Amino acid sequence: MGPHSLILHILPAGLGQFFLLEYPHGLYLIDCSTPGKENILLARLNELGRSDLRLIWITHAHYDHYGSAARLRELTGARIGVHPADADFLARGESPLGSARGRSRIYPMAQPVARLLRPLRPTPPDFTLEDGQTLERFGLDATVLHTPGHTPGHTCLVLGDGTAFAADLIASSSQPHLQNLLATHWESLPGSLRHLQNAQPRTIYSGHSRRPISGAALQHIQP
């Protein structure tokens with residue numbers, strides 16, 4: 001494995017997933033599922049014989065994307081980052097769903113029940129990054145794209161090798177399409193899609209699928 005070569009581990013964890021980036025010089029995590037799922041990641045770290053998780057980037061402030069972040073920070077010392085527009089939601093342990101459409105109308109009713117069973121801990125971030133800023137100071141060649149709509153501070157992360165993590169901007173359950181279930185500001189979603197398309201990533205992973213989307217398929221998605 002060369003000094004910049006990536007091994008990507010996608011770890012399903014209930015409602016969410018862990019995207020663990022393995023490099024020789026350090027480990028990096030994108031999102032961390034619901035509360036109480038930290039042992040899934042810890043088991044993989046143990047398998048790898050690694051204890052150098054350097055940071056956790058939270059793509060947006062939803063229950064199924066930062067639920068285990070606070071506990072993982074305690075256990076690993078990794079620093080937590082997010083876009084500033086979602087930072088206060090993390091700090092207060094909130095998960096803003098906005099308005100729901102279609103089959104997702106059950107989510108605003110289901111989320112309070114889930115939070116009673118497994119509470120969402122307040123998770124003040126260690127740092128925030130704006131659109132166009134990078135994670136280079138942590139040793140990761142990755143650029144933040146601010147892609148609001150699903151939440152005010154929703155982001156995609158684009159690695160230097162052209163791999164992108166689109167979180168809940170894109171859904172790929174069947175044909176890749178712009179997310180159409182939940183948004184705090186529906187009108188922002190088409191512009192956010194164009195922002196990701198303009199970055200021209202080579203391979204894209206959405207937040208709830210292990211199957212990658214090609215760059216060509218991304219360019220064909222219409223708002």
# chains A, B, ... in the order shown; residues from 1 in each chain; ligands from 1
>>> closest_atom_pairs(of="range 36-60 of chain A", to="range 137-150 of chain A", cutoff="10 Å", atoms="only C-alpha atoms", output="CSV")
residue,atom,partner,partner_atom,distance
A:Arg54,CA,A:Phe138,CA,7.3
A:Leu55,CA,A:Phe138,CA,7.7
A:Trp57,CA,A:Val144,CA,9.9
A:Thr59,CA,A:Val144,CA,9.3
A:His60,CA,A:His150,CA,8.4
>>> closest_atom_pairs(of="range 63-107 of chain A", to="range 4-19 of chain A", cutoff="12 Å", atoms="only C-alpha atoms", output="CSV")
residue,atom,partner,partner_atom,distance
A:Tyr63,CA,A:Gly16,CA,8.9
A:Asp64,CA,A:Gly16,CA,5.1
A:His65,CA,A:Gly16,CA,6.3
A:Tyr66,CA,A:Gly16,CA,9.2
A:Gly67,CA,A:Gly16,CA,9.2
A:Ser68,CA,A:Phe18,CA,10.0
A:Ala69,CA,A:Phe18,CA,10.6
A:Leu72,CA,A:Phe18,CA,11.8
A:Tyr107,CA,A:Leu15,CA,11.8
>>> write_last_selection(atoms="N, CA, C and O atoms", output="PDB file, in the first residue's frame")
ATOM      1  N   TYR A  63     -29.690  12.139  13.271  1.00  0.00           N
ATOM      2  CA  TYR A  63     -29.588  11.051  14.242  1.00  0.00           C
ATOM      3  C   TYR A  63     -28.791   9.861  13.707  1.00  0.00           C
ATOM      4  O   TYR A  63     -27.985   9.268  14.428  1.00  0.00           O
ATOM      5  N   ASP A  64     -29.010   9.535  12.427  1.00  0.00           N
ATOM      6  CA  ASP A  64     -28.371   8.346  11.850  1.00  0.00           C
ATOM      7  C   ASP A  64     -27.018   8.644  11.208  1.00  0.00           C
ATOM      8  O   ASP A  64     -26.450   7.776  10.546  1.00  0.00           O
ATOM      9  N   HIS A  65     -26.496   9.847  11.432  1.00  0.00           N
ATOM     10  CA  HIS A  65     -25.186  10.200  10.867  1.00  0.00           C
ATOM     11  C   HIS A  65     -24.172  10.630  11.926  1.00  0.00           C
ATOM     12  O   HIS A  65     -22.967  10.560  11.658  1.00  0.00           O
ATOM     13  N   TYR A  66     -24.631  11.087  13.102  1.00  0.00           N
ATOM     14  CA  TYR A  66     -23.657  11.432  14.147  1.00  0.00           C
ATOM     15  C   TYR A  66     -23.970  10.804  15.499  1.00  0.00           C
ATOM     16  O   TYR A  66     -23.354  11.137  16.503  1.00  0.00           O
ATOM     17  N   GLY A  67     -24.863   9.806  15.509  1.00  0.00           N
ATOM     18  CA  GLY A  67     -25.312   9.249  16.780  1.00  0.00           C
ATOM     19  C   GLY A  67     -24.218   8.700  17.677  1.00  0.00           C
ATOM     20  O   GLY A  67     -24.276   8.835  18.893  1.00  0.00           O
ATOM     21  N   SER A  68     -23.201   8.060  17.099  1.00  0.00           N
ATOM     22  CA  SER A  68     -22.137   7.442  17.900  1.00  0.00           C
ATOM     23  C   SER A  68     -20.885   8.309  17.994  1.00  0.00           C
ATOM     24  O   SER A  68     -19.866   7.866  18.535  1.00  0.00           O
ATOM     25  N   ALA A  69     -20.948   9.539  17.497  1.00  0.00           N
ATOM     26  CA  ALA A  69     -19.739  10.361  17.408  1.00  0.00           C
ATOM     27  C   ALA A  69     -19.166  10.714  18.780  1.00  0.00           C
ATOM     28  O   ALA A  69     -17.955  10.631  19.001  1.00  0.00           O
ATOM     29  N   LEU A  72     -17.443   7.758  20.350  1.00  0.00           N
ATOM     30  CA  LEU A  72     -16.213   7.409  19.647  1.00  0.00           C
ATOM     31  C   LEU A  72     -15.097   8.405  19.951  1.00  0.00           C
ATOM     32  O   LEU A  72     -13.931   8.019  20.046  1.00  0.00           O
ATOM     33  N   TYR A 107     -40.961   9.406   9.343  1.00  0.00           N
ATOM     34  CA  TYR A 107     -39.747   9.732  10.082  1.00  0.00           C
ATOM     35  C   TYR A 107     -39.973  10.718  11.224  1.00  0.00           C
ATOM     36  O   TYR A 107     -39.445  10.515  12.324  1.00  0.00           O
TER      37      TYR A 107
END
>>> residues_around(residues="Phe165 in chain A", least_positions_apart="3", cutoff="7 Å", atoms="only C-alpha atoms", output="list in words")
Cys156, Leu157, Val158, Ile204, Tyr205 and Ser206 of chain A
>>> write_last_selection(atoms="N, CA and C atoms", output="PDB file, in the first residue's frame")
ATOM      1  N   CYS A 156     -20.905  17.465   1.260  1.00  0.00           N
ATOM      2  CA  CYS A 156     -20.275  16.324   0.600  1.00  0.00           C
ATOM      3  C   CYS A 156     -18.769  16.477   0.789  1.00  0.00           C
ATOM      4  N   LEU A 157     -18.071  15.371   0.798  1.00  0.00           N
ATOM      5  CA  LEU A 157     -16.618  15.388   0.951  1.00  0.00           C
ATOM      6  C   LEU A 157     -16.009  14.759  -0.297  1.00  0.00           C
ATOM      7  N   VAL A 158     -15.082  15.482  -0.936  1.00  0.00           N
ATOM      8  CA  VAL A 158     -14.459  14.997  -2.167  1.00  0.00           C
ATOM      9  C   VAL A 158     -12.969  14.791  -1.923  1.00  0.00           C
ATOM     10  N   ILE A 204     -18.807   8.037  -6.542  1.00  0.00           N
ATOM     11  CA  ILE A 204     -19.589   8.686  -5.500  1.00  0.00           C
ATOM     12  C   ILE A 204     -20.272   7.631  -4.650  1.00  0.00           C
ATOM     13  N   TYR A 205     -20.220   7.831  -3.344  1.00  0.00           N
ATOM     14  CA  TYR A 205     -20.938   6.973  -2.399  1.00  0.00           C
ATOM     15  C   TYR A 205     -22.010   7.802  -1.708  1.00  0.00           C
ATOM     16  N   SER A 206     -23.253   7.335  -1.770  1.00  0.00           N
ATOM     17  CA  SER A 206     -24.322   7.991  -1.031  1.00  0.00           C
ATOM     18  C   SER A 206     -24.351   7.441   0.397  1.00  0.00           C
TER      19      SER A 206
END
>>> atom_distance(atom1="CA of Leu42 in chain A", atom2="CA of His208 in chain A")
20.1 Å
>>> residues_around(residues="range 169-184 of chain A", least_positions_apart="6", cutoff="6 Å", atoms="only C-alpha atoms", output="list in words")
Gly98, Ser99, Ala100, Arg101, Ser104, Gly149, His150, Thr151, Ser206 and Ile221 of chain A
>>> write_last_selection(atoms="N, CA and C atoms", output="PDB file, in the first residue's frame")
ATOM      1  N   GLY A  98     -36.813  18.928   9.123  1.00  0.00           N
ATOM      2  CA  GLY A  98     -37.491  19.784   8.158  1.00  0.00           C
ATOM      3  C   GLY A  98     -38.845  19.205   7.800  1.00  0.00           C
ATOM      4  N   SER A  99     -39.183  19.222   6.529  1.00  0.00           N
ATOM      5  CA  SER A  99     -40.461  18.665   6.087  1.00  0.00           C
ATOM      6  C   SER A  99     -40.231  17.368   5.320  1.00  0.00           C
ATOM      7  N   ALA A 100     -41.204  16.470   5.455  1.00  0.00           N
ATOM      8  CA  ALA A 100     -41.099  15.133   4.877  1.00  0.00           C
ATOM      9  C   ALA A 100     -42.068  14.988   3.712  1.00  0.00           C
ATOM     10  N   ARG A 101     -41.662  14.194   2.722  1.00  0.00           N
ATOM     11  CA  ARG A 101     -42.510  13.905   1.574  1.00  0.00           C
ATOM     12  C   ARG A 101     -42.582  12.393   1.371  1.00  0.00           C
ATOM     13  N   SER A 104     -41.435   9.040   3.538  1.00  0.00           N
ATOM     14  CA  SER A 104     -40.648   9.501   4.683  1.00  0.00           C
ATOM     15  C   SER A 104     -41.488  10.220   5.729  1.00  0.00           C
ATOM     16  N   GLY A 149     -29.803  21.934   2.074  1.00  0.00           N
ATOM     17  CA  GLY A 149     -31.137  21.548   1.633  1.00  0.00           C
ATOM     18  C   GLY A 149     -31.691  20.472   2.536  1.00  0.00           C
ATOM     19  N   HIS A 150     -31.000  19.350   2.583  1.00  0.00           N
ATOM     20  CA  HIS A 150     -31.391  18.264   3.488  1.00  0.00           C
ATOM     21  C   HIS A 150     -31.283  18.744   4.932  1.00  0.00           C
ATOM     22  N   THR A 151     -30.187  19.407   5.272  1.00  0.00           N
ATOM     23  CA  THR A 151     -30.034  20.214   6.485  1.00  0.00           C
ATOM     24  C   THR A 151     -29.311  21.494   6.070  1.00  0.00           C
ATOM     25  N   SER A 206     -23.253   7.335  -1.770  1.00  0.00           N
ATOM     26  CA  SER A 206     -24.322   7.991  -1.031  1.00  0.00           C
ATOM     27  C   SER A 206     -24.351   7.441   0.397  1.00  0.00           C
ATOM     28  N   ILE A 221     -27.983  12.845 -13.399  1.00  0.00           N
ATOM     29  CA  ILE A 221     -29.069  13.118 -12.449  1.00  0.00           C
ATOM     30  C   ILE A 221     -29.618  14.515 -12.711  1.00  0.00           C
TER      31      ILE A 221
END
>>> closest_residue(among="A:Asp126, A:Glu74, A:Asp31, A:Glu22", to="Asp88 in chain A", atoms="only C-alpha atoms")
A:Asp126
>>> closest_residue(among="A:Leu159, A:Arg50, A:Pro152, A:Ala166", to="Glu187 in chain A", atoms="only C-alpha atoms")
A:Pro152
>>> closest_residue(among="A:Leu196, A:Thr155, A:Glu47, A:Ala167", to="Arg210 in chain A", atoms="only C-alpha atoms")
A:Ala167
>>> select_by_dssp(residues="range 51-179 of chain A", states="strand (DSSP E or B)", output="PyMOL selection string")
chain A and resi 53-57+79-82+99-100+127-128+134+142-146+155-159+163-167+170-171+177-178
>>> write_last_selection(atoms="N, CA and C atoms", output="short mmCIF file (atom, residue, chain, number, x, y, z; two decimals), in the first residue's frame")
data_model
loop_
_atom_site.label_atom_id
_atom_site.label_comp_id
_atom_site.auth_asym_id
_atom_site.auth_seq_id
_atom_site.Cartn_x
_atom_site.Cartn_y
_atom_site.Cartn_z
N LEU A 53 -7.34 6.54 14.78
CA LEU A 53 -8.45 7.27 14.18
C LEU A 53 -8.25 8.75 14.47
N ARG A 54 -8.03 9.53 13.42
CA ARG A 54 -7.62 10.92 13.60
C ARG A 54 -8.79 11.88 13.64
N LEU A 55 -9.79 11.64 12.83
CA LEU A 55 -10.94 12.56 12.86
C LEU A 55 -12.20 11.87 12.38
N ILE A 56 -13.32 12.50 12.74
CA ILE A 56 -14.65 12.06 12.33
C ILE A 56 -15.31 13.25 11.65
N TRP A 57 -15.57 13.14 10.35
CA TRP A 57 -16.28 14.21 9.66
C TRP A 57 -17.76 13.85 9.60
N ARG A 79 -10.95 13.81 16.58
CA ARG A 79 -11.62 15.10 16.59
C ARG A 79 -12.81 15.07 15.64
N ILE A 80 -13.84 15.84 15.99
CA ILE A 80 -15.10 15.85 15.24
C ILE A 80 -15.24 17.17 14.51
N GLY A 81 -15.54 17.10 13.21
CA GLY A 81 -15.74 18.29 12.40
C GLY A 81 -17.07 18.25 11.68
N VAL A 82 -17.60 19.45 11.37
CA VAL A 82 -18.88 19.58 10.68
C VAL A 82 -18.92 20.98 10.07
N SER A 99 -39.18 19.22 6.53
CA SER A 99 -40.46 18.67 6.09
C SER A 99 -40.23 17.37 5.32
N ALA A 100 -41.20 16.47 5.45
CA ALA A 100 -41.10 15.13 4.88
C ALA A 100 -42.07 14.99 3.71
N PHE A 127 -14.10 21.31 15.51
CA PHE A 127 -13.77 22.31 14.48
C PHE A 127 -14.88 22.31 13.44
N THR A 128 -14.95 23.41 12.68
CA THR A 128 -15.89 23.51 11.57
C THR A 128 -15.12 23.92 10.31
N THR A 134 -10.34 22.53 3.27
CA THR A 134 -9.83 21.15 3.18
C THR A 134 -9.48 20.60 4.55
N ALA A 142 -8.81 16.11 1.21
CA ALA A 142 -10.26 16.10 1.01
C ALA A 142 -10.78 17.52 1.11
N THR A 143 -11.74 17.84 0.26
CA THR A 143 -12.34 19.18 0.20
C THR A 143 -13.81 19.09 0.59
N VAL A 144 -14.25 20.05 1.38
CA VAL A 144 -15.64 20.13 1.82
C VAL A 144 -16.45 20.89 0.78
N LEU A 145 -17.58 20.33 0.38
CA LEU A 145 -18.55 21.02 -0.46
C LEU A 145 -19.80 21.26 0.37
N HIS A 146 -20.19 22.52 0.52
CA HIS A 146 -21.43 22.82 1.24
C HIS A 146 -22.60 22.56 0.30
N THR A 155 -23.03 18.59 3.96
CA THR A 155 -21.84 18.67 3.11
C THR A 155 -21.61 17.35 2.39
N CYS A 156 -20.91 17.46 1.26
CA CYS A 156 -20.28 16.32 0.60
C CYS A 156 -18.77 16.48 0.79
N LEU A 157 -18.07 15.37 0.80
CA LEU A 157 -16.62 15.39 0.95
C LEU A 157 -16.01 14.76 -0.30
N VAL A 158 -15.08 15.48 -0.94
CA VAL A 158 -14.46 15.00 -2.17
C VAL A 158 -12.97 14.79 -1.92
N LEU A 159 -12.51 13.56 -2.09
CA LEU A 159 -11.10 13.23 -1.90
C LEU A 159 -10.30 13.64 -3.13
N THR A 163 -12.80 10.41 -5.35
CA THR A 163 -13.86 9.73 -4.63
C THR A 163 -14.66 10.76 -3.83
N ALA A 164 -15.98 10.70 -3.93
CA ALA A 164 -16.83 11.64 -3.20
C ALA A 164 -17.80 10.89 -2.31
N PHE A 165 -18.11 11.52 -1.18
CA PHE A 165 -19.10 10.99 -0.24
C PHE A 165 -20.23 12.00 -0.19
N ALA A 166 -21.37 11.62 -0.78
CA ALA A 166 -22.46 12.56 -1.01
C ALA A 166 -23.50 12.55 0.10
N ALA A 167 -23.34 11.66 1.08
CA ALA A 167 -24.26 11.59 2.22
C ALA A 167 -25.70 11.50 1.72
N ILE A 170 -27.73 12.59 -2.40
CA ILE A 170 -28.06 11.64 -3.46
C ILE A 170 -28.60 10.36 -2.83
N ALA A 171 -29.60 9.80 -3.45
CA ALA A 171 -30.08 8.46 -3.08
C ALA A 171 -29.78 7.51 -4.22
N HIS A 177 -30.60 9.30 -7.82
CA HIS A 177 -31.47 10.46 -7.98
C HIS A 177 -31.24 11.43 -6.83
N LEU A 178 -31.67 12.65 -7.04
CA LEU A 178 -31.60 13.65 -5.99
C LEU A 178 -32.53 13.25 -4.86
#
>>> closest_residue(among="A:Ala91, A:Leu48, A:Ala70, A:Leu97", to="Cys32 in chain A", atoms="only C-alpha atoms")
A:Ala70
>>> residues_around(residues="Arg202 in chain A", least_positions_apart="3", cutoff="7 Å", atoms="only C-alpha atoms", output="PyMOL selection string")
chain A and resi 162-163+214-215
>>> select_by_dssp(residues="range 11-55 of chain A", states="helix (DSSP H, G or I)", output="list in words")
Glu38, Asn39, Ile40, Leu41, Leu42, Ala43, Arg44, Leu45, Asn46, Glu47 and Leu48 of chain A
>>> residues_around(residues="Ala61 in chain A", least_positions_apart="2", cutoff="6 Å", atoms="only C-alpha atoms", output="list in words")
Asp86, Leu90 and Ser95 of chain A
>>> write_last_selection(atoms="all heavy atoms", output="compact mmCIF listing (two decimals), in the first residue's frame")
# COMPACT_ATOMS: atom_id res chain seq x y z
N ASP A 86 -24.45 23.45 10.75
CA ASP A 86 -25.01 22.33 11.52
C ASP A 86 -24.34 22.17 12.88
O ASP A 86 -24.72 21.28 13.66
CB ASP A 86 -24.88 21.01 10.74
CG ASP A 86 -26.05 20.78 9.79
OD1 ASP A 86 -26.83 21.73 9.55
OD2 ASP A 86 -26.19 19.64 9.28
N LEU A 90 -25.49 19.81 16.40
CA LEU A 90 -24.67 18.80 17.05
C LEU A 90 -24.49 19.12 18.53
O LEU A 90 -24.64 18.25 19.39
CB LEU A 90 -23.30 18.68 16.37
CG LEU A 90 -23.09 17.51 15.41
CD1 LEU A 90 -23.94 17.68 14.17
CD2 LEU A 90 -21.62 17.36 15.04
N SER A 95 -31.62 16.92 15.79
CA SER A 95 -31.63 16.27 14.48
C SER A 95 -32.77 16.86 13.67
O SER A 95 -33.88 16.34 13.65
CB SER A 95 -31.80 14.76 14.65
OG SER A 95 -31.91 14.09 13.40
>>> closest_residue(among="A:Pro84, A:Pro201, A:Leu21, A:Gly153", to="Leu129 in chain A", atoms="only C-alpha atoms")
A:Pro84
>>> atom_distance(atom1="CA of Gly26 in chain A", atom2="CA of Asp52 in chain A")
5.6 Å
>>> residues_around(residues="Arg92 in chain A", least_positions_apart="3", cutoff="9 Å", atoms="only C-alpha atoms", output="JSON, numbers by chain")
{"A": [87, 88, 89, 121, 122, 123, 124]}
>>> write_last_selection(atoms="all heavy atoms", output="mmCIF file, in the first residue's frame")
data_model
loop_
_atom_site.group_PDB
_atom_site.id
_atom_site.type_symbol
_atom_site.label_atom_id
_atom_site.label_comp_id
_atom_site.auth_asym_id
_atom_site.auth_seq_id
_atom_site.Cartn_x
_atom_site.Cartn_y
_atom_site.Cartn_z
ATOM 1 N N ALA A 87 -23.381 23.026 13.206
ATOM 2 C CA ALA A 87 -22.603 22.854 14.442
ATOM 3 C C ALA A 87 -23.480 22.975 15.682
ATOM 4 O O ALA A 87 -23.328 22.201 16.641
ATOM 5 C CB ALA A 87 -21.469 23.868 14.486
ATOM 6 N N ASP A 88 -24.405 23.936 15.708
ATOM 7 C CA ASP A 88 -25.241 24.110 16.893
ATOM 8 C C ASP A 88 -26.193 22.936 17.088
ATOM 9 O O ASP A 88 -26.514 22.582 18.225
ATOM 10 C CB ASP A 88 -26.030 25.415 16.800
ATOM 11 C CG ASP A 88 -25.165 26.644 17.058
ATOM 12 O OD1 ASP A 88 -24.036 26.479 17.571
ATOM 13 O OD2 ASP A 88 -25.615 27.762 16.741
ATOM 14 N N PHE A 89 -26.669 22.350 15.998
ATOM 15 C CA PHE A 89 -27.521 21.164 16.127
ATOM 16 C C PHE A 89 -26.749 20.035 16.817
ATOM 17 O O PHE A 89 -27.275 19.372 17.722
ATOM 18 C CB PHE A 89 -28.009 20.686 14.754
ATOM 19 C CG PHE A 89 -28.880 21.673 14.023
ATOM 20 C CD1 PHE A 89 -28.563 22.073 12.738
ATOM 21 C CD2 PHE A 89 -30.014 22.195 14.627
ATOM 22 C CE1 PHE A 89 -29.362 22.974 12.056
ATOM 23 C CE2 PHE A 89 -30.829 23.106 13.955
ATOM 24 C CZ PHE A 89 -30.496 23.495 12.660
ATOM 25 N N ARG A 121 -26.756 12.109 22.001
ATOM 26 C CA ARG A 121 -25.963 12.929 22.907
ATOM 27 C C ARG A 121 -25.569 14.258 22.273
ATOM 28 O O ARG A 121 -25.218 14.302 21.091
ATOM 29 C CB ARG A 121 -24.687 12.189 23.325
ATOM 30 C CG ARG A 121 -24.922 11.034 24.279
ATOM 31 C CD ARG A 121 -23.623 10.346 24.625
ATOM 32 N NE ARG A 121 -22.617 11.273 25.142
ATOM 33 C CZ ARG A 121 -21.364 10.907 25.467
ATOM 34 N NH1 ARG A 121 -20.995 9.652 25.311
ATOM 35 N NH2 ARG A 121 -20.515 11.784 25.932
ATOM 36 N N PRO A 122 -25.589 15.354 23.035
ATOM 37 C CA PRO A 122 -24.981 16.584 22.549
ATOM 38 C C PRO A 122 -23.517 16.336 22.186
ATOM 39 O O PRO A 122 -22.776 15.705 22.949
ATOM 40 C CB PRO A 122 -25.110 17.542 23.741
ATOM 41 C CG PRO A 122 -26.285 17.025 24.506
ATOM 42 C CD PRO A 122 -26.218 15.528 24.356
ATOM 43 N N THR A 123 -23.118 16.815 21.002
ATOM 44 C CA THR A 123 -21.800 16.501 20.455
ATOM 45 C C THR A 123 -21.159 17.778 19.915
ATOM 46 O O THR A 123 -21.126 18.001 18.699
ATOM 47 C CB THR A 123 -21.925 15.444 19.344
ATOM 48 O OG1 THR A 123 -22.684 14.322 19.816
ATOM 49 C CG2 THR A 123 -20.557 14.945 18.887
ATOM 50 N N PRO A 124 -20.665 18.667 20.786
ATOM 51 C CA PRO A 124 -20.032 19.891 20.284
ATOM 52 C C PRO A 124 -18.842 19.541 19.395
ATOM 53 O O PRO A 124 -17.959 18.784 19.810
ATOM 54 C CB PRO A 124 -19.577 20.613 21.569
ATOM 55 C CG PRO A 124 -20.386 20.000 22.669
ATOM 56 C CD PRO A 124 -20.647 18.591 22.255
#
>>> closest_residue(among="A:Pro190, A:Pro125, A:Pro24, A:Pro96", to="Gln111 in chain A", atoms="only C-alpha atoms")
A:Pro96
>>> decode(residues="range 161-176 of chain A", atoms="N, CA and C atoms", output="short mmCIF file (atom, residue, chain, number, x, y, z; two decimals), in the first residue's frame")
data_model
loop_
_atom_site.label_atom_id
_atom_site.label_comp_id
_atom_site.auth_asym_id
_atom_site.auth_seq_id
_atom_site.Cartn_x
_atom_site.Cartn_y
_atom_site.Cartn_z
N ASP A 161 -8.41 11.89 -4.86
CA ASP A 161 -8.39 10.88 -5.93
C ASP A 161 -9.69 10.83 -6.72
N GLY A 162 -10.63 11.75 -6.41
CA GLY A 162 -11.89 11.79 -7.14
C GLY A 162 -13.03 11.01 -6.51
N THR A 163 -12.80 10.41 -5.35
CA THR A 163 -13.86 9.73 -4.63
C THR A 163 -14.66 10.76 -3.83
N ALA A 164 -15.98 10.70 -3.93
CA ALA A 164 -16.83 11.64 -3.20
C ALA A 164 -17.80 10.89 -2.31
N PHE A 165 -18.11 11.52 -1.18
CA PHE A 165 -19.10 10.99 -0.24
C PHE A 165 -20.23 12.00 -0.19
N ALA A 166 -21.37 11.62 -0.78
CA ALA A 166 -22.46 12.56 -1.01
C ALA A 166 -23.50 12.55 0.10
N ALA A 167 -23.34 11.66 1.08
CA ALA A 167 -24.26 11.59 2.22
C ALA A 167 -25.70 11.50 1.72
N ASP A 168 -26.59 12.39 2.20
CA ASP A 168 -27.99 12.29 1.84
C ASP A 168 -28.42 13.30 0.78
N LEU A 169 -27.47 13.85 0.03
CA LEU A 169 -27.83 14.65 -1.14
C LEU A 169 -28.36 13.75 -2.25
N ILE A 170 -27.73 12.59 -2.40
CA ILE A 170 -28.06 11.64 -3.46
C ILE A 170 -28.60 10.36 -2.83
N ALA A 171 -29.60 9.80 -3.45
CA ALA A 171 -30.08 8.46 -3.08
C ALA A 171 -29.78 7.51 -4.22
N SER A 172 -29.40 6.29 -3.90
CA SER A 172 -29.05 5.32 -4.95
C SER A 172 -29.71 3.98 -4.70
N SER A 173 -30.92 4.02 -4.12
CA SER A 173 -31.62 2.77 -3.82
C SER A 173 -31.97 2.00 -5.10
N SER A 174 -32.31 2.73 -6.17
CA SER A 174 -32.51 2.10 -7.48
C SER A 174 -31.65 2.85 -8.47
N GLN A 175 -32.25 3.70 -9.29
CA GLN A 175 -31.48 4.61 -10.12
C GLN A 175 -31.02 5.79 -9.27
N PRO A 176 -29.77 6.23 -9.40
CA PRO A 176 -29.33 7.39 -8.62
C PRO A 176 -30.21 8.60 -8.89
#
